[in-house]
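**Q** One structure, as structure tokens, below. Some questions next.
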Amino acid sequence: TDRAALIAKLPKAELHLHIEGSFEPEMMLAIAERNRVDIPFKTLAQAKAAYNFANLQEFLDLYYQGMNVLRVEQDFHDLTWAYLNRAKADNVRHVEMFYDPQAHTERGVAFGTVTDGILSALERGEKELGITSKLIMSFLRHLSEEDGFALLEESRPWHNRFVGVGLDSSEVGHPPLKFERLFAECRRLGFKLCMHAGEEGPPDYVREALLDIGIDRLDHGNRSMEDPALVAALRDTQIPLTNCPLSNLSLCVIGDLKESPLKAQLEAGLLVTVNSDDPAYFGGYVNQNYQAIADALDLSDDQLVQLARNSFTGAFLNDADKARHL
Ligand code: ADE
Ligand code: ZN
């Protein structure tokens with residue numbers, strides 16, 4: 001259809017993508033075999049059948065289990081390279097990628113193994129695919145702030161390779177202010193600050209992230225819509241939001257794509273973007289997210305163009321690089 005053709009041809013940036021969430025079961029089975037690691041799935045069908053989630057935690061349990069087969073630098077390179085090739089097919093020109101080092105170092109894989117594998121694929125993606133990229137180191141919020149400080153210290157030799165830091169994993173019970181000192185230190189070091197907030201957690205968590213921490217970009221942010229003062233703050237500051245439609249549906253953040261706040265956010269003048277989050281688990285890469293949400297909310301062509309533009313406006317690119325894309 002015309003809509004599919006428009007989506008396919010729009011240049012896009014992806015601003016909310018966990019590289020470990022792009023781990024397709026096919027590659028998982030192959031890497032499990034080459035690393036001689038046992039996994040609970042023997043076939044693609046078995047893996048896909050397990051990807052049926054009632055909430056965020058049910059997903060996270062499988063997400064951490066899946067990445068357990070990643071052991072050596074080549075694994076992280078292959079994972080990242082596969083994502084970049086898939087993104088290229090969707091006309092993604094720029095990606096700002098999260099990764100979860102603590103999920104690997106906790107099981108004995110060195111920080112440098114993970115990070116160097118990802119970085120070498122990102123460099124190759126720029127050279128061979130023309131996709132620019134930035135890496136965002138994410139802290140696991142179910143761990144302590146002290147654990148976060150340990151990661152920040154361990155990562156010191158790589159600090160100039162990250163544009164920013166993020167906060168992800170189990171949201172409820174782990175509010176932004178649990179990490180107030182850590183994020184203040186990250187700010188002092190010059191990192192951009194991102195946090196997942198208002199995915200399952202209450203509007204109070206969004207308020208903490210936005211007003212107390214002073215984040216530069218809000219991941220998900222669905223539940224901001226419950227508080228008119230937050231909507232006004234997001235509109236006035238133009239802090240970007242990264243919406244992830246198929247993720248919201250898969251994790252039962254919404255019961256139907258028609259309940260997505262995305263159109264209301266656009267119409268309220270918020271700088272909202274469309275992203276895939278964990279595409280291997282949620283059934284779609286970027287274009288499939290644009291298509292599904294446009295169909296469900298009957299977005300206009302102008303709104304689709306706006307969303308693609310927002311993805312560059314909301315990126316951590318300098319003005320000259322943004323201008324090249326806009
Ligand atoms: N880690 C990977 N995907 C996530 C999500 N959607 N929410 C919180 N943590 C995550
Ligand atoms: Zn996410």
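Numbering starts fresh at 1 for the residues of each chain in the structure tokens, the chains themselves are lettered A, B, ... in the order given, and ligands are numbered from 1 as they appear.
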Residues within 10 Å of ligand 2 should be enumerated using only C-alpha atoms and all ligand atoms and returned as number ranges by chain.

**A** A: 15-18, 21, 98-99, 138, 166-169, 195-197, 199, 219-220, 242-244, 247, 275-278

**Q** Residues of segment 143-259 of chain A in helix (DSSP H, G or I) according to DSSP, as a PyMOL selection string?

**A** chain A and resi 145-154+156-161+176-188+203-213+222-226+228-237+245-250+257-259

**Q** Quick one: everything within 10 Å of segment 248-254 of chain A, counting only C-alpha atoms, minus sequence neighbours fewer than 4 positions away in the same chain. Send it as a list of chain:residue names.

**A**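 Neighbouring residues, sequence-local ones excluded: A:Tyr51, A:Asn52, A:Phe53, A:Ala54, A:Asn55, A:Leu56, A:Gln57, A:Glu58, A:Phe59, A:Gly198, A:Glu199, A:Glu200, A:His220, A:Asn222, A:Arg223, A:Asn243, A:Cys244, A:Lys258, A:Glu259, A:Ser260, A:Pro261, A:Ser276, A:Asp277, A:Tyr281, A:Phe282, A:Gly283.
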
**Q** Export, as an mmCIF file, in the first residue's frame, the selected residues with N, CA and C atoms.

**A**
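Below is the file that was written, part-v7.cif:
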```cif
data_model
loop_
_atom_site.group_PDB
_atom_site.id
_atom_site.type_symbol
_atom_site.label_atom_id
_atom_site.label_comp_id
_atom_site.auth_asym_id
_atom_site.auth_seq_id
_atom_site.Cartn_x
_atom_site.Cartn_y
_atom_site.Cartn_z
ATOM 1 N N TYR A 51 7.716 -16.697 23.591
ATOM 2 C CA TYR A 51 7.697 -15.220 23.590
ATOM 3 C C TYR A 51 6.267 -14.707 23.673
ATOM 4 N N ASN A 52 5.689 -14.892 24.843
ATOM 5 C CA ASN A 52 4.286 -14.589 25.061
ATOM 6 C C ASN A 52 4.206 -14.057 26.491
ATOM 7 N N PHE A 53 4.177 -12.728 26.605
ATOM 8 C CA PHE A 53 4.444 -12.119 27.911
ATOM 9 C C PHE A 53 3.205 -11.461 28.503
ATOM 10 N N ALA A 54 3.062 -11.566 29.821
ATOM 11 C CA ALA A 54 1.959 -10.889 30.506
ATOM 12 C C ALA A 54 2.407 -9.546 31.065
ATOM 13 N N ASN A 55 3.713 -9.338 31.175
ATOM 14 C CA ASN A 55 4.226 -8.094 31.755
ATOM 15 C C ASN A 55 5.720 -7.968 31.464
ATOM 16 N N LEU A 56 6.313 -6.869 31.909
ATOM 17 C CA LEU A 56 7.734 -6.603 31.669
ATOM 18 C C LEU A 56 8.621 -7.699 32.259
ATOM 19 N N GLN A 57 8.344 -8.128 33.503
ATOM 20 C CA GLN A 57 9.240 -9.085 34.164
ATOM 21 C C GLN A 57 9.290 -10.419 33.433
ATOM 22 N N GLU A 58 8.145 -10.873 32.919
ATOM 23 C CA GLU A 58 8.148 -12.153 32.180
ATOM 24 C C GLU A 58 9.060 -12.062 30.960
ATOM 25 N N PHE A 59 9.034 -10.910 30.297
ATOM 26 C CA PHE A 59 9.962 -10.697 29.181
ATOM 27 C C PHE A 59 11.406 -10.681 29.669
ATOM 28 N N GLY A 198 7.778 5.332 33.314
ATOM 29 C CA GLY A 198 6.378 5.378 32.901
ATOM 30 C C GLY A 198 6.024 4.321 31.878
ATOM 31 N N GLU A 199 6.793 3.230 31.860
ATOM 32 C CA GLU A 199 6.434 2.072 31.029
ATOM 33 C C GLU A 199 5.404 1.274 31.828
ATOM 34 N N GLU A 200 5.822 0.741 32.974
ATOM 35 C CA GLU A 200 4.869 0.166 33.927
ATOM 36 C C GLU A 200 4.735 1.061 35.153
ATOM 37 N N HIS A 220 10.045 5.316 26.706
ATOM 38 C CA HIS A 220 8.624 4.951 26.889
ATOM 39 C C HIS A 220 7.831 6.199 27.316
ATOM 40 N N ASN A 222 4.950 6.342 28.609
ATOM 41 C CA ASN A 222 3.503 6.235 28.341
ATOM 42 C C ASN A 222 2.655 6.900 29.422
ATOM 43 N N ARG A 223 3.027 6.622 30.673
ATOM 44 C CA ARG A 223 2.130 7.039 31.750
ATOM 45 C C ARG A 223 2.256 8.521 32.097
ATOM 46 N N ASN A 243 8.793 6.150 22.003
ATOM 47 C CA ASN A 243 7.678 5.221 22.109
ATOM 48 C C ASN A 243 8.019 3.939 21.351
ATOM 49 N N CYS A 244 7.523 2.812 21.884
ATOM 50 C CA CYS A 244 7.818 1.510 21.277
ATOM 51 C C CYS A 244 6.508 0.740 21.162
ATOM 52 N N LYS A 258 -4.625 0.470 19.609
ATOM 53 C CA LYS A 258 -5.498 1.653 19.589
ATOM 54 C C LYS A 258 -5.422 2.431 20.907
ATOM 55 N N GLU A 259 -4.949 1.771 21.976
ATOM 56 C CA GLU A 259 -4.798 2.463 23.275
ATOM 57 C C GLU A 259 -3.454 3.181 23.384
ATOM 58 N N SER A 260 -2.624 3.092 22.358
ATOM 59 C CA SER A 260 -1.315 3.745 22.425
ATOM 60 C C SER A 260 -1.469 5.263 22.562
ATOM 61 N N PRO A 261 -0.644 5.886 23.396
ATOM 62 C CA PRO A 261 -0.717 7.341 23.559
ATOM 63 C C PRO A 261 -0.055 8.117 22.420
ATOM 64 N N SER A 276 11.837 0.217 18.179
ATOM 65 C CA SER A 276 11.496 -1.210 18.258
ATOM 66 C C SER A 276 11.826 -1.864 19.606
ATOM 67 N N ASP A 277 12.652 -1.235 20.441
ATOM 68 C CA ASP A 277 12.950 -1.727 21.799
ATOM 69 C C ASP A 277 13.715 -3.062 21.756
ATOM 70 N N TYR A 281 12.046 -10.033 20.162
ATOM 71 C CA TYR A 281 11.081 -10.567 21.115
ATOM 72 C C TYR A 281 9.669 -10.034 20.895
ATOM 73 N N PHE A 282 9.558 -8.875 20.234
ATOM 74 C CA PHE A 282 8.257 -8.210 20.171
ATOM 75 C C PHE A 282 7.627 -8.226 18.779
ATOM 76 N N GLY A 283 8.289 -8.920 17.844
ATOM 77 C CA GLY A 283 7.628 -9.154 16.562
ATOM 78 C C GLY A 283 7.753 -8.051 15.535
#
```

**Q** Counting only C-alpha atoms, what is within 10 Å of Leu152 of chain A, bar same-chain residues fewer than 3 positions away, as a list in words?

**A**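 The filter keeps Met137, Phe139, Glu146, Asp147, Gly148, Phe149, Ser155, Arg156, Pro157, Trp158, His159, Val165, Leu182, Glu185 and Cys186 of chain A.
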
**Q** If you count only C-alpha atoms, which residues fall within 10 Å of Asp204 of chain A, apart from same-chain ones fewer than 5 positions away, as an MDAnalysis selection string?

**A** chainID A and resid 175:176 197:198 209:210 223:224 227 230

**Q** Give me a file of those residues, with N, CA and C atoms, as an mmCIF file, in the first residue's frame.

**A**
```cif
data_model
loop_
_atom_site.group_PDB
_atom_site.id
_atom_site.type_symbol
_atom_site.label_atom_id
_atom_site.label_comp_id
_atom_site.auth_asym_id
_atom_site.auth_seq_id
_atom_site.Cartn_x
_atom_site.Cartn_y
_atom_site.Cartn_z
ATOM 1 N N PRO A 175 12.621 3.292 41.502
ATOM 2 C CA PRO A 175 12.379 4.629 40.941
ATOM 3 C C PRO A 175 13.670 5.325 40.535
ATOM 4 N N PRO A 176 13.557 6.298 39.656
ATOM 5 C CA PRO A 176 14.729 7.072 39.228
ATOM 6 C C PRO A 176 15.582 7.597 40.378
ATOM 7 N N ALA A 197 11.054 5.247 31.929
ATOM 8 C CA ALA A 197 10.135 5.655 33.008
ATOM 9 C C ALA A 197 8.718 5.733 32.471
ATOM 10 N N GLY A 198 7.778 5.332 33.314
ATOM 11 C CA GLY A 198 6.378 5.378 32.901
ATOM 12 C C GLY A 198 6.024 4.321 31.878
ATOM 13 N N ALA A 209 12.332 11.463 36.969
ATOM 14 C CA ALA A 209 13.321 11.416 35.876
ATOM 15 C C ALA A 209 13.475 12.794 35.233
ATOM 16 N N LEU A 210 12.340 13.407 34.974
ATOM 17 C CA LEU A 210 12.325 14.665 34.228
ATOM 18 C C LEU A 210 12.758 15.852 35.085
ATOM 19 N N ARG A 223 3.027 6.622 30.673
ATOM 20 C CA ARG A 223 2.130 7.039 31.750
ATOM 21 C C ARG A 223 2.256 8.521 32.097
ATOM 22 N N SER A 224 3.124 9.247 31.373
ATOM 23 C CA SER A 224 3.151 10.715 31.481
ATOM 24 C C SER A 224 1.777 11.295 31.212
ATOM 25 N N ASP A 227 -0.818 12.703 33.733
ATOM 26 C CA ASP A 227 -0.599 13.939 34.494
ATOM 27 C C ASP A 227 -0.413 15.120 33.543
ATOM 28 N N LEU A 230 2.850 16.966 33.525
ATOM 29 C CA LEU A 230 3.970 16.305 32.842
ATOM 30 C C LEU A 230 3.883 16.494 31.337
#
```

**Q** Which of these, A:Leu177, A:Val95, A:Leu122, A:Ala280, has the shortest distance to ligand 1 once you count only C-alpha atoms and all ligand atoms?

**A**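 With only C-alpha atoms and all ligand atoms as the atom set, the closest residue is A:Ala280.
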
**Q** From a DSSP pass on the backbone, collect the residues of segment 18-107 of chain A flagged as strand (DSSP E) and hand them back as number ranges by chain.

**A** A: 18, 92-99

**Q** Would you list the contacts of Leu270 of chain A as a short mmCIF file (atom, residue, chain, number, x, y, z; two decimals) with C-alpha atoms, in the first residue's frame, taking every protein, DNA or RNA residue within 8 Å and counting only C-alpha atoms, but skipping same-chain residues closer than 5 positions in sequence?

**A**
```cif
data_model
loop_
_atom_site.label_atom_id
_atom_site.label_comp_id
_atom_site.auth_asym_id
_atom_site.auth_seq_id
_atom_site.Cartn_x
_atom_site.Cartn_y
_atom_site.Cartn_z
CA VAL A 231 2.49 16.63 29.37
CA LEU A 234 7.35 17.56 27.94
CA ARG A 235 5.82 19.95 25.42
CA GLN A 238 10.74 19.27 23.90
CA ILE A 239 12.47 16.44 25.75
CA PRO A 240 12.22 13.56 23.27
CA LEU A 241 10.14 10.48 24.10
CA GLN A 265 1.38 12.84 22.16
#
```

**Q** If you measure from atom CA of Gly112 of chain A to atom CA of Phe41 of chain A, what distance in Å do you get, rounded to one decimal?

**A**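 For atom CA of Gly112 of chain A relative to atom CA of Phe41 of chain A, the distance reads 28.6 Å.
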
**Q** With only C-alpha atoms as the counted atoms, please give the residues lying no more than 8 Å from segment 84-88 of chain A, apart from itself and same-chain residues fewer than 3 positions off, as a ChimeraX atom specification.

**A** /A:80-81,91-93,122,125,129,131,285-286

**Q** Compare A:Asp298, A:Asp61, A:Asp321, A:Glu126 by their minimum atom-to-atom distance to ligand 1, counting only C-alpha atoms and all ligand atoms, and give me the closest one.

**A** A:Asp61

**Q** I'd like to know which of A:Leu299, A:Ile213, A:Ala13, A:Val109 is closest to Leu266 of chain A, using only C-alpha atoms.

**A**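 Between A:Leu299, A:Ile213, A:Ala13, A:Val109, the residue approaching Leu266 of chain A most closely is A:Leu299.
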